Amino acid sequence: MASTAQKALTPAEKERFFQALENDQRLFKETLEVVLNLVVSDPKLTFDVADLIESDFRNLYLVIMKKVAVERSNDSTLGCCRDI
């Protein structure tokens, strides 16, 4: 189990990690899933990350909103009950 007082990664270790993410799509998806699970477990962090995506990653935000709109247009549930 990891210690709570772990040392920070060196710049070289970070570079190897980021390079591995670029080279391995499966590793990237697994890492992103772990990060997103951490984000959604904390409501404040969820809003902070959502704001970051909306403001700094506009293309990702627009793709997400387009998917939501398409899914809602295909949903036969009453508008008041879609988020339940």
# chains A, B, ... in the order shown; residues from 1 in each chain; ligands from 1
>>> residues_around(residues="Phe28 of chain A", least_positions_apart="6", cutoff="12 Å", atoms="only C-alpha atoms", output="number ranges by chain")
A: 17-22, 34-35
>>> write_last_selection(atoms="C-alpha atoms", output="PDB file, in the first residue's frame")
ATOM      1  CA  PHE A  17       4.948   8.747 -17.273  1.00  0.00           C
ATOM      2  CA  PHE A  18       3.568  11.300 -19.728  1.00  0.00           C
ATOM      3  CA  GLN A  19       5.411   9.618 -22.595  1.00  0.00           C
ATOM      4  CA  ALA A  20       3.882   6.273 -21.576  1.00  0.00           C
ATOM      5  CA  LEU A  21       0.422   7.891 -21.629  1.00  0.00           C
ATOM      6  CA  GLU A  22       1.057   9.180 -25.143  1.00  0.00           C
ATOM      7  CA  VAL A  34      -8.931   6.801 -12.223  1.00  0.00           C
ATOM      8  CA  VAL A  35      -8.598  10.588 -12.299  1.00  0.00           C
TER       9      VAL A  35
END
>>> select_by_dssp(residues="chain A", states="alpha helix (DSSP H)", output="number ranges by chain")
A: 11-23, 25-40, 43-56, 58-73
